[in-house]
Each structure stands twice: as C-alpha cells, then as structure tokens.
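Step one of this worksheet: look at the structure below.
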Amino acid sequence: MNRIRTRFAPSPTGYMHIGNLRTALYAYLFAKSQGGDFILRIEDTDRARYVADAVEFIERTLAAAKIIPDEGPHQGGKFAPYVQSERMDIYKRCAEELVASGHAYRCFCAGEEAPTDGNKFGGYNRHCRDLSPAEVEKNLAEGKPYVIRQKMPLEGETTFYDVLHGNITIANSELEDQVLLKSDGMPTYNFANVVDDHLMEVSHIIRGTEFITSTPKHVLLYDFFGWELPTFIHLAPVMGKAADGTVSKLSKRHGATGFHDLIAAGYLPEAITNYVALLGWSPKNSCQEIFTMDELIAAFSLDGLSKSPAVFDYAKLDWMNGEYFKAMTDEDFADAAQDYLADFDAPRRIFLASLLKTRVAKLSDIPQMTAFLKVLPPFDAELFTNKRNKLTPQKSAEILAPAIKILEQADDWSLDALNAKIAAFVEESGLKVGTVMWPLRIALSMQKVTPGGVTEILYLLGKETSLIRLNDALNALRH
RNA sequence: GGCGCCUUCGUCAAGUGGUUAAGACACCGCCCUCUCACGGCGGGUUCAAGGGUUCGAAUCCCUUAGGCGUCACCA
C-alpha cells in the first residue's frame with residue numbers, strides 16, 4: 001500500500017470556520033495515526049475572492065491548533081509550489097491534454113450572458129461541444145475568449161466508493177460539462193483539486209459532504225487521465241442550533257463560529273481542538289473525552305467517524321474548557337487570563353486565578369465575575385434576605401455590627417488570620433457559619449455569587465476597603 | 001423540482017440480530033459546603049413513522065416523512 005497522505009485545501013478567506021478546522025484536524029489525525037504526511041495547499045483560484053495575508057492567517061491558525069503540516073507554502077516540500085495560483089502552467093498543460101484526447105473542448109461562449117432555459121443545466125453547457133475543427137480555428141484566430149469544458153459521457157453512470165457512505169452512484173446524464181479552465185486562465189476548483197491531489201500523491205481525500213455530488217466529475221477526470229483513484233471520505237457538516245430551535249449549517253447567526261472568535265471569547269485552543277474532534281468522531285472501545293493531541297492521534301480511526309451532522313453545543317464546549325482550566329496550575333491560569341487580570345498585582349493575580357479557575361467557563365467571564373472588587377454594585381437590602389440561613393436585613397445588621405468591631409481590631413490581614421478571627425466570632429455568637437457569612441459576603445460584594453468565600457474577598461479587598469464597605473452596608477441597613 | 005446524502009435521550013454519542021439501549025454535556029433532585037463553584041449520589045417514555053424478513057430487529061429489506069447538500073467561469 002502506498003504512503004498515507006492527506007491534505008487540507010482551504011481557499012484563503014481570512015477566516016477559519018470551525019467546520020474547516022475540524023476537516024483539517026481529521027485529515028491531520030488520520031495521516032499522523034498512519035505515520036503519513038499531512039499537507040497544506042492553498043486554493044486561491046478565485047481572483048475575486050482574494051484576501052491579503054490570508055495564507056499567513058491560515059498557517060497561524062493551524063499552528064495555534066497544533067495542526068502542523070509536513071508540506072505547505074511555508075515549509076515547502078517536494079511537490080511545491082503549494083499555492084494554486086503559482087501552478088497555472090500545470091493546469092493549462094493538463095487541460096490541453098484533455099482537449100487533445102477528446103475529453104474536453106473549448107467553449108467560446110465565455111463572457112456572454114448565459115441563457116436561463118437553454119437546457120437542464122442552464123448556461124452554455126454542451127453548447128460548443130460539437131464545434132468543427134474549422135470553427136474552433138476561426139474563433140481562435142479571431143481571438144475570442146474561451147473556457148475549457150469537461151466532456152461528460154451522456155449515458156451510463158459513475159460509481160465511487162466513500163469510506164463513510166459506501167458506494168455512491170450518479171447517472172452521467174446528471175453531470176454537466178463543467179468548466180475546467182476559466183477564461184482568465186485559472187482552473188476551477190473541480191479541476192485544480194483533482195490535478196493537484198494526483199500530482200501531490202494524496203491518498204485520502206477528506207472533505208465536507210458538499211462535494212459528494214461533484215465527486216463523480218472528479219472520478220471521470222481521474223479516468224480520462226488514467227490516474228489511480230484516491231480514497232474518498234466525505235464528512236457530515238457541523239450544524240448550529242438557532243434560538244428558535246431550528247438547526248442549520250453552523251454560521252454567524254449561531255454566534256462565534258470561527259476559531260479566532262472562540263479564542264477571543266476566552267476558550268483555550270487545546271479545548272477547542274479537543275471539543276471539535278469529538279464533534280463527528282468518537283473513540284472506539286473507550287469513553288475518554290479529554291484528549292491531548294498525541295492521544296487523539298493514537299486513538300483516531302476512520303471508523304469512529306459519524307456520517308450524520310453534529311450540532312455544535314456551546315454548553316459542552318464550556319464544560320470542556322472548564323476541565324482544561326481545572327487541570328491548569330494557578331500560575332498557568334493566571335498567564336492565560338493575563339489580559340483579564342491586568343488590574344491586579346502579581347500575588348493577587350495568582351490568588352484570584354486559584355479562585356477563578358474552577359468557577360469560570362471561559363476567560364471572558366472573568367470581568368463580570370471580578371467587577372465587584374473594583375466597584376461595588378448598588379446597595380440592595382433584599383440581598384440580605386436569605387431563607388436558608390433565616391436572615392432578614394434587620395438580622396443582618398445585628399450580625400454585621402459586632403463583626404465589624406472584630407475586624408477593625410485585626411492587624412494581621414492574612415487569609416489564615418482572617419479565617420481564625422471569623423471562626424472565633426462565629427463560635428462566640430453561637431450562630432451557624434452560613435448565617436454569619438452571608439451578610440458579610442453581601443455587604444462586601446453586593447452579589448450572591450462571588451469567586452471565593454468571605455475570607456478570600458476580605459483579603460482581596462484589603463482592610464481599608466473592606467471596612468468601608470461593611471460600614472456603608474450597616475448604615476444603609478439601619479437607615 | 002431533479003439527483004444525492006442523513007435520521008439512537010434537548011445535544012455529542014456507543015451499539016453491526018438476543019444488552020436492564022453505554023458514557024458525556026445540559027436539565028432536575030438530594031448530599032457536602034461560608035454563597036456560587038468544586039466534589040459525591042440519584043432521576044428522565046431516547047432507536048422518525050409504517051410495513052415486512054426472523055423464534056427474536058435500534059441493528060437486515062421496502063415504503064413514507066422530515067432534515068441537509070447539490071445543480072456557477074465559488075470553493
């Protein structure tokens with residue numbers, strides 16, 4: 001068997017959709033799991049859609065996701081160049097070869113407005129198919145622009161094997177005489193893709209199902225050239241669920257759908273890759289869900305791929321991202337959250353990291369969780385009411401007053417000392433721990449949910465601020 | 001509309017003729033707890049519908065329905 005070689009062949013749009021990332025991941029995982037090669041090829045044959053710096057963007061994104069090509073525009077390789085716009089002479093030569101062998105022909109309707117009801121395919125499909133050599137010569141001599149079209153068999157059917165779907169058969173009469181070479185000399189996707197996959201010795205084509213119906217055309221091309229067929233694997237799409245419950249192909253309307261959108265929202269690259277791997281694939285004989293890249297490579301196999309569409313679930317991504325947070329050291333989390341914790345000095349930053357990492361689904365949750373440390377939310381007496389601890393605003397004031405006295409006398413504001421002080425106060429008062437803690441927490445933060453408990457907040461706020469807040473709350477309660 | 005693909009809990013999914021139909025997320029309940037979180041325990045009419053084949057079907061066959069894709073000088 002030949003060497004396993006897969007490829008990721010994006011067009012340079014400057015955006016890495018999560019579905020594309022997954023396609024790249026699976027191609028990479030398969031190649032690596034088989035000891036093969038993974039190559040990156042840029043399909044920039046549409047001049048109108050050219051985006052500056054898109055190639056670097058794609059390379060950086062793959063690097064961030066730890067999907068490293070063995071060959072590509074940046075790392076080169078024996079089949080360079082890996083950018084299609086730099087391979088035009090190759091496509092031209094191959095197209096002419098097909099014209100010569102009678103499997104393709106020049107169509108001189110290029111640039112003309114296509115009829116809407118010419119035939120079942122519309123456009124100028126098959127229009128110039130039977131031009132005489134003399135007519136072709138005449139048009140060429142006149143310098144008329146042309147495209148080269150693939151001459152499809154009119155009868156019979158074409159069957160190809162797909163690893164996920166088995167044999168797929170489509171009648172040749174369903175196939176149009178698709179354009180191979182455009183009038184600007186650029187190849188179409190359907191042509192360049194086949195030529196390059198063959199030339200670059202790609203053994204397994206892993207791509208989305210949207211290409212399933214054009215695959216027979218590709219297969220015919222391989223036949224015309226007498227090339228060996230690669231193995232096809234068509235992946236089900238990644239779907240998104242809208243607010244109204246409808247499911248459709250994942251797109252902007254579903255929220256963040258680009259790798260960088262997710263990074264910007266505070267998800268870790270490893271968590272994104274991990275989650276995306278499980279969206280349409282699952283390991284055999286195992287229920288493992290948290291995977292390093294190496295573990296993914298070791299566990300990956302084609303028969304774990306799912307053939308039905310998968311809905312992207314932000315809730316599960318949140319969970320998985322949280323698992324990665326919890327596995328991090330406080331220092332690593334503080335580093336990752338650096339941009340969100342810039343307002344705190346180093347020791348506080350590490351301490352906050354330890355409190356935050358089990359409470360936050362994504363980094364961007366940090367600001368709203370820590371905002372109270374900077375600015376106290378407006379006073380709300382109702383927050384002091386707590387059924388479980390049998391607390392009312394009045395009762396809270398009764399607890400706050402002596403507690404403030406004790407804290408005012410504290411000269412050691414360390415966590416341990418604060419803990420001891422409060423514990424002693426609780427014991428003395430004969431109240432339940434929760435009953436004492438509740439009014440303190442509310443007075444200090446004005447919110448029911450806080451990172452850490454009362455001692456942690458006291459410590460973070462410092463003595464001065466803590467006492468100001470406590471006294472303010474007490475006054476407000478008595479008012 | 002033609003052609004093609006898909007269909008197991010709300011979501012990701014295991015499952016390949018005989019299982020109490022795994023597991024995870026989410027949800028709900030309980031426990032733990034200085035709130036939340038973390039952790040622990042428990043809960044839920046899930047095989048699209050209808051026909052077959054079979055002693056036996058989520059697994060095999062047919063029909064229907066729904067969803068998705070595709071019908072470009074875009075990929």
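Scheme for the structure tokens: letters A, B, ... for chains in order shown; per-chain residue numbers from 1; ligand numbers from 1 in order shown.
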Residues of chain B within 9 Å of chain A, only C-alpha atoms (C1' of nucleotides) counted, as a list in words: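 Therefore, the residues near the partner are G2, C3, G4, C5, C6, U7, U11, C12, A13, A14, A22, G23, A24, C25, A26, C34, U35, C36, A37, C38, G67, C68, G69, U70, C71, C73, C74 and A75 of chain B.
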For atom CA of A:Gly304 and atom CA of A:Thr23, the interatomic separation in Å (one decimal):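 A separation of 14.4 Å between them.
Among the candidates B:G56, B:G51, B:G43, B:G66, the residue lying nearest to B:G18 is B:G56 (atoms considered: only C-alpha atoms (C1' of nucleotides)).
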Contacts of A:Ser101 within 12 Å, only C-alpha atoms (C1' of nucleotides), excl. fewer than 2 positions in-chain, as a PyMOL selection string: chain A and resi 94-99+103-105+150-151+224-226
In stretch 227-456 of chain A, DSSP helix (DSSP H, G or I) residues written as an NGL selection string: :A and (252-254 or 259-264 or 269-277 or 293-299 or 302-304 or 314-327 or 330-336 or 338-340 or 346-356 or 363-374 or 381-384 or 393-408 or 415-429 or 433-445 or 454-456)
Close residues, B:A58 itself excluded, 10 Å, only C-alpha atoms (C1' of nucleotides), min 4 positions apart in chain, as a JSON list (two decimals) with all heavy atoms, in the first residue's frame:
```json
[["chain", "number", "residue", "atom", "x", "y", "z"],
["B", 8, "U", "P", -30.43, 10.14, 14.99],
["B", 8, "U", "OP1", -31.13, 11.35, 15.46],
["B", 8, "U", "OP2", -29.01, 10.21, 14.68],
["B", 8, "U", "O5'", -30.66, 8.99, 16.07],
["B", 8, "U", "C5'", -31.97, 8.42, 16.19],
["B", 8, "U", "C4'", -32.02, 7.64, 17.46],
["B", 8, "U", "O4'", -31.05, 6.55, 17.38],
["B", 8, "U", "C3'", -31.59, 8.39, 18.70],
["B", 8, "U", "O3'", -32.66, 9.16, 19.23],
["B", 8, "U", "C2'", -31.22, 7.26, 19.63],
["B", 8, "U", "O2'", -32.36, 6.60, 20.12],
["B", 8, "U", "C1'", -30.49, 6.33, 18.66],
["B", 8, "U", "N1", -29.04, 6.61, 18.58],
["B", 8, "U", "C2", -28.25, 6.06, 19.58],
["B", 8, "U", "O2", -28.70, 5.39, 20.49],
["B", 8, "U", "N3", -26.90, 6.34, 19.48],
["B", 8, "U", "C4", -26.30, 7.11, 18.51],
["B", 8, "U", "O4", -25.09, 7.26, 18.55],
["B", 8, "U", "C5", -27.19, 7.64, 17.53],
["B", 8, "U", "C6", -28.49, 7.38, 17.61],
["B", 15, "G", "P", -19.59, 1.47, 18.27],
["B", 15, "G", "OP1", -18.35, 0.73, 18.13],
["B", 15, "G", "OP2", -20.06, 2.37, 17.19],
["B", 15, "G", "O5'", -20.77, 0.45, 18.56],
["B", 15, "G", "C5'", -20.70, -0.42, 19.70],
["B", 15, "G", "C4'", -22.11, -0.89, 20.01],
["B", 15, "G", "O4'", -22.97, 0.25, 20.19],
["B", 15, "G", "C3'", -22.66, -1.71, 18.85],
["B", 15, "G", "O3'", -23.06, -3.00, 19.28],
["B", 15, "G", "C2'", -23.87, -0.93, 18.36],
["B", 15, "G", "O2'", -24.97, -1.69, 18.07],
["B", 15, "G", "C1'", -24.20, -0.02, 19.55],
["B", 15, "G", "N9", -24.85, 1.17, 19.00],
["B", 15, "G", "C8", -24.34, 2.09, 18.12],
["B", 15, "G", "N7", -25.26, 2.93, 17.70],
["B", 15, "G", "C5", -26.41, 2.55, 18.33],
["B", 15, "G", "C6", -27.74, 3.07, 18.24],
["B", 15, "G", "O6", -28.15, 4.00, 17.56],
["B", 15, "G", "N1", -28.62, 2.39, 19.07],
["B", 15, "G", "C2", -28.26, 1.33, 19.87],
["B", 15, "G", "N2", -29.26, 0.80, 20.60],
["B", 15, "G", "N3", -27.05, 0.81, 19.95],
["B", 15, "G", "C4", -26.18, 1.47, 19.16],
["B", 21, "A", "P", -32.80, -2.66, 27.41],
["B", 21, "A", "OP1", -33.83, -1.75, 26.92],
["B", 21, "A", "OP2", -32.47, -3.90, 26.68],
["B", 21, "A", "O5'", -31.47, -1.82, 27.59],
["B", 21, "A", "C5'", -30.28, -2.27, 26.96],
["B", 21, "A", "C4'", -29.63, -1.13, 26.26],
["B", 21, "A", "O4'", -30.34, -0.80, 25.03],
["B", 21, "A", "C3'", -29.64, 0.19, 26.99],
["B", 21, "A", "O3'", -28.69, 0.17, 28.02],
["B", 21, "A", "C2'", -29.26, 1.15, 25.85],
["B", 21, "A", "O2'", -27.89, 1.07, 25.56],
["B", 21, "A", "C1'", -30.05, 0.54, 24.69],
["B", 21, "A", "N9", -31.32, 1.23, 24.44],
["B", 21, "A", "C8", -32.54, 1.01, 25.00],
["B", 21, "A", "N7", -33.49, 1.80, 24.54],
["B", 21, "A", "C5", -32.83, 2.59, 23.61],
["B", 21, "A", "C6", -33.27, 3.61, 22.78],
["B", 21, "A", "N6", -34.53, 4.04, 22.73],
["B", 21, "A", "N1", -32.35, 4.19, 21.98],
["B", 21, "A", "C2", -31.09, 3.76, 22.02],
["B", 21, "A", "N3", -30.55, 2.80, 22.77],
["B", 21, "A", "C4", -31.49, 2.25, 23.53],
["B", 47, "C", "P", -38.02, 6.18, 21.12],
["B", 47, "C", "OP1", -39.07, 6.58, 20.16],
["B", 47, "C", "OP2", -38.37, 5.41, 22.31],
["B", 47, "C", "O5'", -36.87, 5.38, 20.39],
["B", 47, "C", "C5'", -36.97, 5.16, 18.99],
["B", 47, "C", "C4'", -35.62, 5.49, 18.42],
["B", 47, "C", "O4'", -34.62, 4.84, 19.24],
["B", 47, "C", "C3'", -35.45, 4.96, 17.00],
["B", 47, "C", "O3'", -34.69, 5.92, 16.26],
["B", 47, "C", "C2'", -34.68, 3.64, 17.20],
["B", 47, "C", "O2'", -33.75, 3.46, 16.16],
["B", 47, "C", "C1'", -33.88, 3.92, 18.46],
["B", 47, "C", "N1", -33.59, 2.74, 19.29],
["B", 47, "C", "C2", -32.26, 2.33, 19.35],
["B", 47, "C", "O2", -31.42, 2.93, 18.67],
["B", 47, "C", "N3", -31.93, 1.29, 20.16],
["B", 47, "C", "C4", -32.86, 0.69, 20.88],
["B", 47, "C", "N4", -32.48, -0.31, 21.67],
["B", 47, "C", "C5", -34.23, 1.08, 20.82],
["B", 47, "C", "C6", -34.55, 2.10, 20.01]]
```
Separation of atom CA of A:Ile263 from atom CA of A:Ser251, in Å and rounded to one decimal: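 Straight-line distance from atom CA of A:Ile263 to atom CA of A:Ser251 works out to 16.7 Å.
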Atom pair atom CA of A:Ile422 / atom CA of A:Ala476: separation (Å):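 Result for atom CA of A:Ile422 versus atom CA of A:Ala476: 22.7 Å, one decimal.
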